[in-house]
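The structure appears below as structure tokens.
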Amino acid sequence: MTTIVPTSEEDPFLAVVRFTSQLAWADAGPEVAEPEIARLCREAEESIVAGKWLELATLMVASAELVSSKISEKDLECTYTIICSLVKNANSPDVLEMVKAISSKVVQQPTDKASLRLKILFNLYNLLDHPYARFQVYMKALALAVDGKVTEYIVPSFKKIDSFLKEWNIDVKDQRELFLAIANVLRENKSLVKESLTFLTKYLATFSNEDAQVLDEAKDEAVRAVIEFVKASTIFQCDLLDLPAVAQLEKDAKYAPVYQLLKIFLTQRLNAYTEFQIANSGFLETYGLVDEDCVTKMRLLSLVDLASDESGKIPYTSIKDTLQVNAEEVELWIVKAISAKLIDCKMDQMNQVVVVSRCSEREFGSKQWHSLRTKLATWRDNIANIISTIESNKVTEEGSQVSSSSAAAIQGLTVR
């Protein structure tokens, strides 16, 4: 059976204005509503004829938001699909203003149909060709994801941030805003602490060439990054120590202990932490840190420090003394370090030593880069020597074969 659906030849933009204005004035009565609806439709029609797309977009989003709570999600999505398509008509100077007008209204009520509003912003993003306009929409989406508690829908896009940055070509100030916004989104999810710290570190790294006044803006986030690293039970390496935004804490009267704690966790052993804790009673509680958790992490980091010794062998007694544990607990902590992928080793119970084949770096600064460069140079020289030896043996072998062939030929002539 065929169903005949009536259609209208009315301009889709004008149809949206009529639809939303009728709903907005539905409770006012015909004598009040009809003149207002006619006025709005007339303004919309004039804008369409004159090609004033920015004015039309402003009128349409204002009407749409007035009735957003009264209509279904499907109707709201259709309404905004038509509104967002206006960006295809706008010329370059007006695109940014139009995007601002539309996206600002979309995020105005973040708790009302939050996931749908995020979808609307994604659709708007995909309609745009202007790189910076896309960046603006993405920033609005980040804010909406946090305020509307729908961060799970935007987190997958963070894997593409490097390609986005190339496309958007934004300046350092915008990069800071982006990295911090992403870090705040990830902060909402406790299982993404490592990713949150990564973007927070990216944010702090953008201050590397700034003066003291600008660096001061990053002070609070620098403290936050240090505390997040210390608190995270599965993160044992970071590049915070040499960042100017973090290094400034060392000379700050209020935050100097924060920097000192970071330095202990990245360069020193458990005994240094113990001394710090005694000298700064109440510090851990101030920043929500737990002494027992800090001791556990410092024991593992201290074991990594022992493993980094060039000899590659750690006596059980050294582990016992450094980690401040009983002899019976030594192997337990070795297993913990292996499970955390901090070291690869074998336990020689007969000789009471640990033979280390690999260990992680607690930080990767200039010292580590120099060490890596030295190892690569040695590896390159070793490979060159092996190749040279193989080629020399090959030449010798070929020479022997030629000599043998010549001798056989001479012998054959003599017989004849």
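Residues in the structure tokens are numbered from 1 in each chain, the chains being A, B, ... in the order shown, and ligands are numbered from 1 in the order shown.
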| said: For A:Asp147, find every residue with an atom within 12 Å (counting only C-alpha atoms), except residues of its own chain fewer than 6 positions away, and show them as a ChimeraX atom specification. | reply: /A:107-115,117-118,140-141,181,184-185,188
Would you list the contacts of A:Val330 as an mmCIF file with C-alpha atoms, in the first residue's frame, taking every protein, DNA or RNA residue within 12 Å and counting only C-alpha atoms, but skipping same-chain residues closer than 6 positions in sequence?
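Result saved to around02.cif:
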```
data_model
loop_
_atom_site.group_PDB
_atom_site.id
_atom_site.type_symbol
_atom_site.label_atom_id
_atom_site.label_comp_id
_atom_site.auth_asym_id
_atom_site.auth_seq_id
_atom_site.Cartn_x
_atom_site.Cartn_y
_atom_site.Cartn_z
ATOM 1 C CA ARG A 299 60.257 1.708 46.922
ATOM 2 C CA LEU A 300 59.642 0.724 43.311
ATOM 3 C CA LEU A 303 64.615 -0.345 43.009
ATOM 4 C CA ILE A 314 71.986 -5.936 42.711
ATOM 5 C CA PRO A 315 72.714 -7.781 45.970
ATOM 6 C CA TYR A 316 69.635 -8.673 47.993
ATOM 7 C CA THR A 317 71.132 -6.801 50.928
ATOM 8 C CA SER A 318 71.226 -3.562 48.923
ATOM 9 C CA ILE A 319 67.568 -3.952 48.059
ATOM 10 C CA LYS A 320 66.692 -4.697 51.686
ATOM 11 C CA ASP A 321 68.510 -1.609 52.975
ATOM 12 C CA THR A 322 67.407 0.787 50.220
ATOM 13 C CA LEU A 323 63.752 -0.220 50.304
ATOM 14 C CA GLN A 324 63.744 -0.476 54.109
ATOM 15 C CA LYS A 336 56.222 -6.080 41.902
ATOM 16 C CA ALA A 337 58.795 -4.156 39.855
ATOM 17 C CA MET A 347 66.751 -13.681 40.627
ATOM 18 C CA GLN A 349 68.689 -17.101 44.906
ATOM 19 C CA GLN A 352 71.401 -13.654 46.599
ATOM 20 C CA VAL A 353 71.676 -11.214 43.689
ATOM 21 C CA VAL A 354 69.379 -9.854 40.990
#
```
Between stretch 88-171 of chain A and stretch 70-81 of chain A, at 12 Å or less, what are the per-residue closest atom pairs and their distances in Å? Count only C-alpha atoms, order by chain and rising residue number, and return it as JSON lines.
```
{"residue": "A:Lys88", "atom": "CA", "partner": "A:Thr81", "partner_atom": "CA", "distance": 12.0}
{"residue": "A:Ile102", "atom": "CA", "partner": "A:Tyr80", "partner_atom": "CA", "distance": 9.0}
{"residue": "A:Ser103", "atom": "CA", "partner": "A:Tyr80", "partner_atom": "CA", "distance": 10.5}
{"residue": "A:Lys105", "atom": "CA", "partner": "A:Tyr80", "partner_atom": "CA", "distance": 10.7}
{"residue": "A:Val106", "atom": "CA", "partner": "A:Tyr80", "partner_atom": "CA", "distance": 9.0}
{"residue": "A:Asp112", "atom": "CA", "partner": "A:Glu73", "partner_atom": "CA", "distance": 10.1}
{"residue": "A:Lys113", "atom": "CA", "partner": "A:Glu73", "partner_atom": "CA", "distance": 7.4}
{"residue": "A:Ala114", "atom": "CA", "partner": "A:Glu73", "partner_atom": "CA", "distance": 10.5}
{"residue": "A:Ser115", "atom": "CA", "partner": "A:Glu73", "partner_atom": "CA", "distance": 10.1}
{"residue": "A:Leu116", "atom": "CA", "partner": "A:Glu73", "partner_atom": "CA", "distance": 7.2}
{"residue": "A:Arg117", "atom": "CA", "partner": "A:Glu77", "partner_atom": "CA", "distance": 8.2}
{"residue": "A:Leu118", "atom": "CA", "partner": "A:Glu77", "partner_atom": "CA", "distance": 10.7}
{"residue": "A:Lys119", "atom": "CA", "partner": "A:Glu77", "partner_atom": "CA", "distance": 8.6}
{"residue": "A:Ile120", "atom": "CA", "partner": "A:Glu77", "partner_atom": "CA", "distance": 6.8}
{"residue": "A:Leu121", "atom": "CA", "partner": "A:Tyr80", "partner_atom": "CA", "distance": 9.4}
{"residue": "A:Phe122", "atom": "CA", "partner": "A:Thr81", "partner_atom": "CA", "distance": 10.8}
{"residue": "A:Asn123", "atom": "CA", "partner": "A:Thr81", "partner_atom": "CA", "distance": 7.6}
{"residue": "A:Leu124", "atom": "CA", "partner": "A:Thr81", "partner_atom": "CA", "distance": 8.1}
{"residue": "A:Tyr125", "atom": "CA", "partner": "A:Thr81", "partner_atom": "CA", "distance": 11.7}
{"residue": "A:Asn126", "atom": "CA", "partner": "A:Thr81", "partner_atom": "CA", "distance": 11.5}
{"residue": "A:Leu127", "atom": "CA", "partner": "A:Thr81", "partner_atom": "CA", "distance": 10.0}
```
Produce a file of the selected residues containing N, CA, C and O atoms, as a CSV table (one decimal), in the first residue's frame.
```csv
chain,number,residue,atom,x,y,z
A,88,LYS,N,27.6,26.9,4.7
A,88,LYS,CA,28.0,26.6,3.3
A,88,LYS,C,27.7,27.9,2.5
A,88,LYS,O,28.3,28.0,1.4
A,102,ILE,N,26.3,30.1,16.3
A,102,ILE,CA,25.6,28.8,16.4
A,102,ILE,C,26.1,27.9,17.6
A,102,ILE,O,25.3,27.5,18.4
A,103,SER,N,27.4,27.8,17.7
A,103,SER,CA,28.0,26.9,18.7
A,103,SER,C,27.7,27.5,20.1
A,103,SER,O,27.5,26.7,21.1
A,105,LYS,N,25.1,29.0,21.2
A,105,LYS,CA,23.7,28.7,21.5
A,105,LYS,C,23.6,27.2,21.8
A,105,LYS,O,22.8,26.8,22.7
A,106,VAL,N,24.3,26.4,21.1
A,106,VAL,CA,24.2,24.9,21.2
A,106,VAL,C,24.7,24.5,22.6
A,106,VAL,O,24.1,23.6,23.3
A,112,ASP,N,20.7,19.7,28.9
A,112,ASP,CA,19.5,19.4,28.1
A,112,ASP,C,19.9,18.7,26.8
A,112,ASP,O,20.5,19.3,25.9
A,113,LYS,N,19.7,17.4,26.8
A,113,LYS,CA,20.0,16.6,25.6
A,113,LYS,C,21.5,16.8,25.2
A,113,LYS,O,21.9,17.1,24.1
A,114,ALA,N,22.4,16.5,26.2
A,114,ALA,CA,23.8,16.8,26.0
A,114,ALA,C,24.5,16.0,24.9
A,114,ALA,O,25.2,16.6,24.1
A,115,SER,N,24.2,14.7,24.8
A,115,SER,CA,24.8,13.9,23.8
A,115,SER,C,24.3,14.3,22.4
A,115,SER,O,25.1,14.3,21.4
A,116,LEU,N,23.1,14.7,22.3
A,116,LEU,CA,22.6,15.2,21.0
A,116,LEU,C,23.3,16.6,20.6
A,116,LEU,O,23.7,16.8,19.4
A,117,ARG,N,23.4,17.4,21.6
A,117,ARG,CA,24.1,18.7,21.3
A,117,ARG,C,25.5,18.5,20.9
A,117,ARG,O,26.0,19.2,20.0
A,118,LEU,N,26.2,17.5,21.5
A,118,LEU,CA,27.5,17.2,21.0
A,118,LEU,C,27.6,16.7,19.6
A,118,LEU,O,28.4,17.1,18.8
A,119,LYS,N,26.6,15.9,19.3
A,119,LYS,CA,26.5,15.4,17.9
A,119,LYS,C,26.2,16.5,16.9
A,119,LYS,O,26.8,16.6,15.8
A,120,ILE,N,25.4,17.5,17.3
A,120,ILE,CA,25.2,18.7,16.5
A,120,ILE,C,26.5,19.5,16.2
A,120,ILE,O,26.7,19.9,15.1
A,121,LEU,N,27.3,19.6,17.2
A,121,LEU,CA,28.6,20.3,17.1
A,121,LEU,C,29.5,19.5,16.1
A,121,LEU,O,30.2,20.1,15.3
A,122,PHE,N,29.5,18.2,16.2
A,122,PHE,CA,30.3,17.3,15.4
A,122,PHE,C,29.9,17.5,13.9
A,122,PHE,O,30.7,17.6,13.0
A,123,ASN,N,28.5,17.6,13.7
A,123,ASN,CA,28.0,17.8,12.3
A,123,ASN,C,28.4,19.1,11.8
A,123,ASN,O,28.8,19.3,10.6
A,124,LEU,N,28.4,20.1,12.7
A,124,LEU,CA,28.8,21.5,12.3
A,124,LEU,C,30.3,21.5,11.9
A,124,LEU,O,30.7,22.1,10.9
A,125,TYR,N,31.1,20.8,12.7
A,125,TYR,CA,32.5,20.7,12.4
A,125,TYR,C,32.8,20.1,11.0
A,125,TYR,O,33.6,20.6,10.2
A,126,ASN,N,32.0,19.0,10.7
A,126,ASN,CA,32.3,18.3,9.4
A,126,ASN,C,31.8,19.2,8.2
A,126,ASN,O,32.2,18.9,7.1
A,127,LEU,N,30.9,20.1,8.5
A,127,LEU,CA,30.4,21.0,7.4
A,127,LEU,C,31.4,22.1,7.0
A,127,LEU,O,31.3,22.7,5.9
```
**Message:** Using only C-alpha atoms, which protein or nucleic acid residues come within 10 Å of stretch 12-24 of chain A? Drop anything in the same chain fewer than 2 positions from it, and give the result as a PyMOL selection string.
**Reply:** chain A and resi 8-10+26-28+33-34+36-45+48+56-57+59-68+70-71+76+78-80+82-83+85-86
Using DSSP on the backbone, list every residue of stretch 154-225 of chain A that comes out as helix (DSSP H, G or I), and give them as a PyMOL selection string. chain A and resi 155-168+172-187+190-205+212-225
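Distance check against A:Arg176 using only C-alpha atoms: of A:Leu192, A:Ala205, A:Leu96, A:Leu197, the minimum falls on A:Ala205.
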With a distance cut-off of 9 Å and only C-alpha atoms, select the neighbouring residues of A:Phe199, excluding the residue or stretch itself and same-chain residues fewer than 5 positions from it, and output the selection as a VMD selection string.
-> chain A and resid 179 to 183 186 194 204
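Here atom CA of A:Val226 is placed at a distance of 10.9 Å from atom CA of A:Leu266.
Computed from the coordinates, the atom CA of A:Asp291 to atom CA of A:Lys251 distance equals 24.8 Å.
For the pair atom CA of A:Val193 and atom CA of A:Lys231, the interatomic distance is 9.8 Å.
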